[in-house]
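Below is one structure, written out as structure tokens; comments come after it.
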Amino acid sequence: MTDTQTTDARSENITRSEAAKRSQLISVTSYEVVLDVTSTGPTFATDTTAVFACSSPGSSTWIDLIAPEVESVTLNGVALDLTAAVSGARIQLPNLEAMNTVRVTAQGKFMNTGEGLHRFVDPVDNETYLYTQFESADARRMYACFEQPDLKATFTLTVTVPSHWKVISNSPMAQIVENESSKTWTFEPTPTISTYITALVAGPYFEVRNEYSGPFGTYPLGLYCRQSLSEYLDSDEIFEVTKQGFAFFEDQFKVGYPFAKYDQLFVPEFNAGAMENAGCVTFLEDLIFRSRVTIAAYEQRANTILHELAHMWFGNLVTMTWWDDLWLNESFAEWAAHHANVHATRYNDAWTTFANLRKAWAYRQDQLPSTHPIAADMVDLDAVRVNFDGITYAKGASALRQLVAWVGEPEFMSGIEVYFNKHAWGNTQLSDLLTELEAASGRDLSDWTRQWLQTSGVNLLRPIVETDAQGNYTRVAIEQEPPGSPAGVAPTLRSHRVGLGLYDLEGDQLVRRDLITIDVTGELTEVPELVGEKQPDLLLVNDSDLTFAKVRLDSKSWETAANHLGGISDSLARAVIWSAAWDMTRDAEVSTGDFLTLVLSGIKTESDVGVTSGVLRQLTMALDQFAAPIHREEYKIRLAQACEVFANGAPAGSDHQLAFTKVFIANATTHAQLQTVTDIFDGTVVWEGLTVDTDLRWSMLQTLVAAGVKGDSDIDAELSNDNTATGIRQATVARAARPTREAKEAAWDSVFNNTELPNTIIEATIGGFQDPDQPVLMRSFVDRYFHELPTVWEKQTMEMAQDITSGMYPVFVPSVDLVTKTNEFLSAQSASGVSARPTMIRLVTEARDGIERALRAQAKDAD
């Protein structure tokens, strides 16, 4: 080949060591990226010119590009031989000068996996929409670049699109040139930013404009979504939260918003919740609510909005040098979002939601074999991609919340202000942040750093209480248990700032008599200040949820909680108790049946609907995975019966009515329960106040199809009434849920063999295929999973391969035999040497851990 070269995926991974050497050798000044995305074919034209300096002239490096066709590479005016220069995803650049200019022209690929430049066609109006998703290293799917976070540069984007499209990028538009049937948009150069936060969004998007004015200036604000979703875009609410976030962060950080404008775009088929592209944030469009949701969904959306806004400072203005310090982005944004939600918006119980949902995610992740420190060892990009997890987000935010309580909020914010000003537009490591926090607080943070950021696993705090004949404490102590440690590794015991709440029963209410804050250190911490106090009805360890640790209740406290949990007025205290009960169930200290009894006893009086939904979600998970097979159907019937009663007893039209109704639908089991769902679906039964809207209808239909009550014609009829992107996804779930061998075979074939399916259809197919009520069908695919999984990693992108590996593992048929087969598969893969895929091995290992946990919990429940 003389002028074109097809790339492959063999060199897509980049190691930390390689990146460090490249950043020592070169520094990048600017990129000019010129695109033409008017093609309706599979590719688009991409033309990149990068200017960079080299500290050692005569050396060589590489520039990254993942593209089906590289057309030309010109370095300092000399055309390179493509056969020699292009090697997989790398283009070698030899004989560098002190200053260099490289130009790469290629054909990039439109993606349907949510990576790179994603293309979507709206089934409602047949319009095409584009958006990018680059984190952690997919900018190279759109333009040639030096793909690592510490090689920052300015970016000037020019893109040609169909004439009726809008184009949004990181900077304001500089000019538009009208062509015969297209327009060419050119944007102002960006500030110095990393490749992974550059962005392009294009299509006939619906647009709403606003602005924020504050002490540092006035910034244009934009909201965008597909035209067919525009009627559901509640722009007033979204702009309100956005402006509240702007005002709060500028006041707290004492540093102005760093970019020229702020656009928020709700895009289709998005893999994550949102992405913090500089000044051009993309969101999962499901956050535009086309059907009724509870206030908990609005709170979570507000948290996501604030999380991405916080990234404009944490991550975009100041960026980690390498992905080891990903937590400097995500943990801080997670903490800052909840902090802002509580203090700047109407969602002032956000820390309750954090305790109930986000920390549960982190606790689960931190107990897997793949647990890692908050400041993780990211040796390469493959390691990075699987560490956007509960540890990096929620555990890190928990650690920061405790640090703020320890050093003081004014001192913490003072250190952050200096950090932003000192390192603006640069890259940092953990030590850079610690330097400023230590200077501001006057505290040595080295021990805190070692304990909380550089060790893994979750501690357990257990109260030890002794009383005299009069019911007064003679001893109170907190025992700290370390997480499991590998042989030869010292157990991790941390220092915890912990609240101890003493609650007394007064009628139906549990009233907090006192709250004391102590520091728990080492294996055993005595609490002498409680000696002589009358034993409360409930002693709550980690009241106020200041630390990251599993907690237990003493026997009297457990009995009180089981009977009077709803009597506690503080939602955060209730969330801590709910969390403790869930942990005890997962750890097989409490049976699933006892957890069911506790939940049904206390959930009807739980006033926080977010907690209600979260706890019921955990209970459903427990029934699906932790219940002994002989008990599971009975438990499901009890849960459905209770939620039917609770839904009809809740205020008509309330959030609680909707939450209980959804759980009733999902768990309907008996003929009578399924008939009730059918009657609501058909409209022959009406529950006062309940709005049976589009998404609720799909939930009912999926339950009825999975139970064999309804079938293909019903799915087709519902889809004809909702032939939208969401409707197609919902229909896909329903078809994969049909309780027949033929339906499961079709779903399996789609996931494992159809590489043309978009990401959301793969996800929907997995969601319908996996069904705990169809164990015989599930069991028949166990051997095929292990046989066919390696080929997925040969055919699919990293994102899709991860989803299929985790999503299709036979989680609902736990057995010793499954553990054995998993071990045999892992051994064979590890023995394969260079062909072994560490990411696949990690995900399967995590899945095996879930099966082993389920078997322990089922044994407890069988007893």
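In the structure tokens, chains take the letters A, B, ... in the order shown, each chain's residues start at 1, and ligands count up from 1 in the order shown.
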
- Query: Can you tell me, as a list of chain:residue names, what residues are no more than 7 Å from A:Thr669 when counting only C-alpha atoms, ignoring any on the same chain fewer than 5 positions away?
  - Reply: A:Lys636, A:Ile637, A:Leu674

Keeping only all heavy atoms, write those residues as a short mmCIF file (atom, residue, chain, number, x, y, z; two decimals), in the first residue's frame.
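What landed in again-v2.cif:
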data_model
loop_
_atom_site.label_atom_id
_atom_site.label_comp_id
_atom_site.auth_asym_id
_atom_site.auth_seq_id
_atom_site.Cartn_x
_atom_site.Cartn_y
_atom_site.Cartn_z
N LYS A 636 -41.39 -13.49 47.44
CA LYS A 636 -41.86 -12.59 46.38
C LYS A 636 -43.36 -12.30 46.54
O LYS A 636 -43.80 -11.16 46.37
CB LYS A 636 -41.59 -13.19 45.00
CG LYS A 636 -40.18 -13.08 44.51
CD LYS A 636 -40.09 -13.31 43.01
CE LYS A 636 -40.79 -12.23 42.24
NZ LYS A 636 -40.73 -12.42 40.78
N ILE A 637 -44.11 -13.31 46.88
CA ILE A 637 -45.55 -13.13 47.08
C ILE A 637 -45.80 -12.17 48.24
O ILE A 637 -46.64 -11.26 48.14
CB ILE A 637 -46.24 -14.49 47.31
CG1 ILE A 637 -46.17 -15.35 46.04
CG2 ILE A 637 -47.68 -14.30 47.76
CD1 ILE A 637 -46.59 -16.79 46.25
N LEU A 674 -50.85 -11.28 39.13
CA LEU A 674 -50.64 -11.03 37.71
C LEU A 674 -51.93 -10.54 37.05
O LEU A 674 -51.89 -9.72 36.12
CB LEU A 674 -50.14 -12.30 37.02
CG LEU A 674 -48.72 -12.72 37.39
CD1 LEU A 674 -48.41 -14.12 36.88
CD2 LEU A 674 -47.69 -11.72 36.84
#

- Task: Quick one: everything within 8 Å of A:Leu598, counting only C-alpha atoms, minus sequence neighbours fewer than 4 positions away in the same chain. Send it as a PyMOL selection string.
- Result: chain A and resi 562-563+594+602

Restrict the selected residues to C-alpha atoms and save them as an mmCIF file, in the first residue's frame.
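Resulting contents of part-v4.cif:
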data_model
loop_
_atom_site.group_PDB
_atom_site.id
_atom_site.type_symbol
_atom_site.label_atom_id
_atom_site.label_comp_id
_atom_site.auth_asym_id
_atom_site.auth_seq_id
_atom_site.Cartn_x
_atom_site.Cartn_y
_atom_site.Cartn_z
ATOM 1 C CA ALA A 562 -36.852 -3.834 63.646
ATOM 2 C CA ASN A 563 -39.982 -2.544 65.370
ATOM 3 C CA ASP A 594 -35.437 -11.592 58.381
ATOM 4 C CA GLY A 602 -40.429 -0.275 58.572
#

- How many Å lie between atom CA of A:Lys261 and atom CA of A:Lys422, rounded to one decimal?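 For atom CA of A:Lys261 relative to atom CA of A:Lys422, the distance reads 22.9 Å.
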
Contacts of A:Glu32 at 6 Å or less, counting only C-alpha atoms, minus same-chain residues fewer than 4 places along, as a compact mmCIF listing (two decimals) with N, CA and C atoms, in the first residue's frame?
# COMPACT_ATOMS: atom_id res chain seq x y z
N THR A 48 -6.30 16.44 10.91
CA THR A 48 -5.76 17.00 12.15
C THR A 48 -4.36 17.55 11.91
N THR A 49 -4.12 18.76 12.41
CA THR A 49 -2.77 19.34 12.42
C THR A 49 -2.41 19.64 13.87
N PHE A 155 -7.36 23.73 21.27
CA PHE A 155 -8.02 23.02 20.18
C PHE A 155 -8.88 24.00 19.39
N THR A 156 -8.73 23.96 18.07
CA THR A 156 -9.60 24.73 17.19
C THR A 156 -10.31 23.74 16.29

- Message: Excluding A:Glu533 and its own-chain neighbours fewer than 2 positions away, which residues fall within 7 Å of it when counting only C-alpha atoms? Please give them as a list in words.
- Response: Asn472, Tyr473, Leu530, Val531 and Gln535 of chain A

For the selection you just gave me, I'd like the residues written to a file as a tab-separated table (two decimals), in the first residue's frame, keeping N, CA and C atoms.
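The result, stored in out-v5.tsv:
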chain	number	residue	atom	x	y	z
A	472	ASN	N	-27.88	0.80	83.28
A	472	ASN	CA	-26.92	1.83	82.93
A	472	ASN	C	-25.67	1.19	82.32
A	473	TYR	N	-25.05	1.90	81.41
A	473	TYR	CA	-23.82	1.39	80.81
A	473	TYR	C	-22.71	1.28	81.84
A	530	LEU	N	-19.62	7.44	78.02
A	530	LEU	CA	-20.95	6.87	78.10
A	530	LEU	C	-21.15	5.98	79.32
A	531	VAL	N	-20.10	5.69	80.05
A	531	VAL	CA	-20.23	4.87	81.26
A	531	VAL	C	-21.08	5.64	82.28
A	535	GLN	N	-28.76	3.03	79.33
A	535	GLN	CA	-28.70	2.42	78.00
A	535	GLN	C	-29.89	2.88	77.18

- May I have all residues of stretch 597-755 of chain A that DSSP, computed from the backbone, assigns to helix (DSSP H, G or I), given as a ChimeraX atom specification? /A:597-605,609-625,629-649,655-667,671-682,694-706,712-721,725-737,741-753

- Enumerate the residues of stretch 227-456 of chain A with a DSSP assignment of strand (DSSP E or B), computed from the backbone, and present them as a list in words.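 Selecting the strand (DSSP E or B) positions of stretch 227-456 of chain A gives Tyr262, Asp263, Gln264, Leu265, Phe266, Val267, Ala274, Met275, Cys280, Val281, Thr282, Phe283, Leu284, Phe314, Val318, Thr319, Met320, Asp380, Asn427 and Thr428 of chain A.
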
Kindly export the residues of the current selection with N, CA, C and O atoms, as a PDB file, in the first residue's frame.
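And here's again-v3.pdb as it stands now:
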ATOM      1  N   TYR A 262     -21.430  27.578  28.936  1.00  0.00           N
ATOM      2  CA  TYR A 262     -21.742  26.286  29.561  1.00  0.00           C
ATOM      3  C   TYR A 262     -22.994  25.715  28.915  1.00  0.00           C
ATOM      4  O   TYR A 262     -24.106  26.197  29.136  1.00  0.00           O
ATOM      5  N   ASP A 263     -22.794  24.690  28.102  1.00  0.00           N
ATOM      6  CA  ASP A 263     -23.903  23.997  27.459  1.00  0.00           C
ATOM      7  C   ASP A 263     -24.087  22.617  28.062  1.00  0.00           C
ATOM      8  O   ASP A 263     -23.104  21.935  28.384  1.00  0.00           O
ATOM      9  N   GLN A 264     -25.349  22.211  28.205  1.00  0.00           N
ATOM     10  CA  GLN A 264     -25.690  20.883  28.716  1.00  0.00           C
ATOM     11  C   GLN A 264     -26.570  20.199  27.679  1.00  0.00           C
ATOM     12  O   GLN A 264     -27.618  20.723  27.304  1.00  0.00           O
ATOM     13  N   LEU A 265     -26.127  19.021  27.225  1.00  0.00           N
ATOM     14  CA  LEU A 265     -26.761  18.355  26.096  1.00  0.00           C
ATOM     15  C   LEU A 265     -27.197  16.954  26.481  1.00  0.00           C
ATOM     16  O   LEU A 265     -26.376  16.153  26.953  1.00  0.00           O
ATOM     17  N   PHE A 266     -28.482  16.666  26.304  1.00  0.00           N
ATOM     18  CA  PHE A 266     -29.043  15.360  26.634  1.00  0.00           C
ATOM     19  C   PHE A 266     -29.059  14.535  25.348  1.00  0.00           C
ATOM     20  O   PHE A 266     -29.781  14.863  24.408  1.00  0.00           O
ATOM     21  N   VAL A 267     -28.232  13.486  25.329  1.00  0.00           N
ATOM     22  CA  VAL A 267     -27.947  12.793  24.073  1.00  0.00           C
ATOM     23  C   VAL A 267     -28.384  11.334  24.137  1.00  0.00           C
ATOM     24  O   VAL A 267     -28.457  10.734  25.208  1.00  0.00           O
ATOM     25  N   ALA A 274     -23.312  10.999  32.691  1.00  0.00           N
ATOM     26  CA  ALA A 274     -22.953  12.283  32.084  1.00  0.00           C
ATOM     27  C   ALA A 274     -21.446  12.311  31.880  1.00  0.00           C
ATOM     28  O   ALA A 274     -20.715  11.465  32.393  1.00  0.00           O
ATOM     29  N   MET A 275     -20.979  13.313  31.129  1.00  0.00           N
ATOM     30  CA  MET A 275     -19.550  13.490  30.880  1.00  0.00           C
ATOM     31  C   MET A 275     -19.202  14.970  30.888  1.00  0.00           C
ATOM     32  O   MET A 275     -19.853  15.777  30.224  1.00  0.00           O
ATOM     33  N   CYS A 280     -19.210  21.843  27.600  1.00  0.00           N
ATOM     34  CA  CYS A 280     -20.084  21.135  26.656  1.00  0.00           C
ATOM     35  C   CYS A 280     -20.416  19.771  27.252  1.00  0.00           C
ATOM     36  O   CYS A 280     -19.990  18.734  26.762  1.00  0.00           O
ATOM     37  N   VAL A 281     -21.206  19.775  28.321  1.00  0.00           N
ATOM     38  CA  VAL A 281     -21.455  18.571  29.103  1.00  0.00           C
ATOM     39  C   VAL A 281     -22.551  17.746  28.452  1.00  0.00           C
ATOM     40  O   VAL A 281     -23.617  18.258  28.100  1.00  0.00           O
ATOM     41  N   THR A 282     -22.295  16.452  28.298  1.00  0.00           N
ATOM     42  CA  THR A 282     -23.296  15.545  27.745  1.00  0.00           C
ATOM     43  C   THR A 282     -23.918  14.718  28.862  1.00  0.00           C
ATOM     44  O   THR A 282     -23.238  14.311  29.809  1.00  0.00           O
ATOM     45  N   PHE A 283     -25.242  14.475  28.727  1.00  0.00           N
ATOM     46  CA  PHE A 283     -25.995  13.734  29.729  1.00  0.00           C
ATOM     47  C   PHE A 283     -26.764  12.596  29.059  1.00  0.00           C
ATOM     48  O   PHE A 283     -27.190  12.706  27.910  1.00  0.00           O
ATOM     49  N   LEU A 284     -26.979  11.542  29.813  1.00  0.00           N
ATOM     50  CA  LEU A 284     -27.902  10.488  29.411  1.00  0.00           C
ATOM     51  C   LEU A 284     -29.287  11.105  29.240  1.00  0.00           C
ATOM     52  O   LEU A 284     -29.816  11.717  30.167  1.00  0.00           O
ATOM     53  N   PHE A 314     -12.570  20.743  39.205  1.00  0.00           N
ATOM     54  CA  PHE A 314     -11.887  19.487  39.548  1.00  0.00           C
ATOM     55  C   PHE A 314     -11.823  18.595  38.300  1.00  0.00           C
ATOM     56  O   PHE A 314     -12.761  17.883  37.983  1.00  0.00           O
ATOM     57  N   VAL A 318      -7.921  21.983  36.546  1.00  0.00           N
ATOM     58  CA  VAL A 318      -6.759  21.257  37.070  1.00  0.00           C
ATOM     59  C   VAL A 318      -7.008  19.773  36.829  1.00  0.00           C
ATOM     60  O   VAL A 318      -8.041  19.242  37.257  1.00  0.00           O
ATOM     61  N   THR A 319      -6.073  19.129  36.166  1.00  0.00           N
ATOM     62  CA  THR A 319      -6.271  17.754  35.696  1.00  0.00           C
ATOM     63  C   THR A 319      -5.192  16.848  36.253  1.00  0.00           C
ATOM     64  O   THR A 319      -4.040  17.265  36.404  1.00  0.00           O
ATOM     65  N   MET A 320      -5.573  15.587  36.538  1.00  0.00           N
ATOM     66  CA  MET A 320      -4.576  14.640  37.025  1.00  0.00           C
ATOM     67  C   MET A 320      -3.524  14.393  35.944  1.00  0.00           C
ATOM     68  O   MET A 320      -3.810  14.426  34.746  1.00  0.00           O
ATOM     69  N   ASP A 380      -2.113   0.982  33.140  1.00  0.00           N
ATOM     70  CA  ASP A 380      -2.366   1.215  31.718  1.00  0.00           C
ATOM     71  C   ASP A 380      -3.838   1.563  31.516  1.00  0.00           C
ATOM     72  O   ASP A 380      -4.622   1.592  32.474  1.00  0.00           O
ATOM     73  N   ASN A 427      -1.429  20.138  35.313  1.00  0.00           N
ATOM     74  CA  ASN A 427      -1.679  18.769  35.766  1.00  0.00           C
ATOM     75  C   ASN A 427      -1.059  18.573  37.132  1.00  0.00           C
ATOM     76  O   ASN A 427      -0.033  19.169  37.469  1.00  0.00           O
ATOM     77  N   THR A 428      -1.706  17.723  37.946  1.00  0.00           N
ATOM     78  CA  THR A 428      -1.254  17.531  39.316  1.00  0.00           C
ATOM     79  C   THR A 428      -1.254  16.063  39.703  1.00  0.00           C
ATOM     80  O   THR A 428      -1.836  15.224  39.018  1.00  0.00           O
TER      81      THR A 428
END

- Query: What's the 8 Å shell around stretch 327-336 of chain A, counting only C-alpha atoms, without same-chain residues fewer than 3 positions away, as a ChimeraX atom specification?
  - Reply: /A:306-308,310-311,314-315,319-320,324,339-340,374-375,392-398,400-401,430

- Item | d(atom CA of A:Leu434, atom CA of A:His372) in Å |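 Interatomic distance here is 20.3 Å.
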
- Task: Find the residues around A:Ala199 up to 10 Å (only C-alpha atoms counted), leave out those fewer than 2 positions away in its own chain, and share them as a PyMOL selection string.
- Result: chain A and resi 116-117+131-134+139+142+157+168-171+195-197+201+275-282
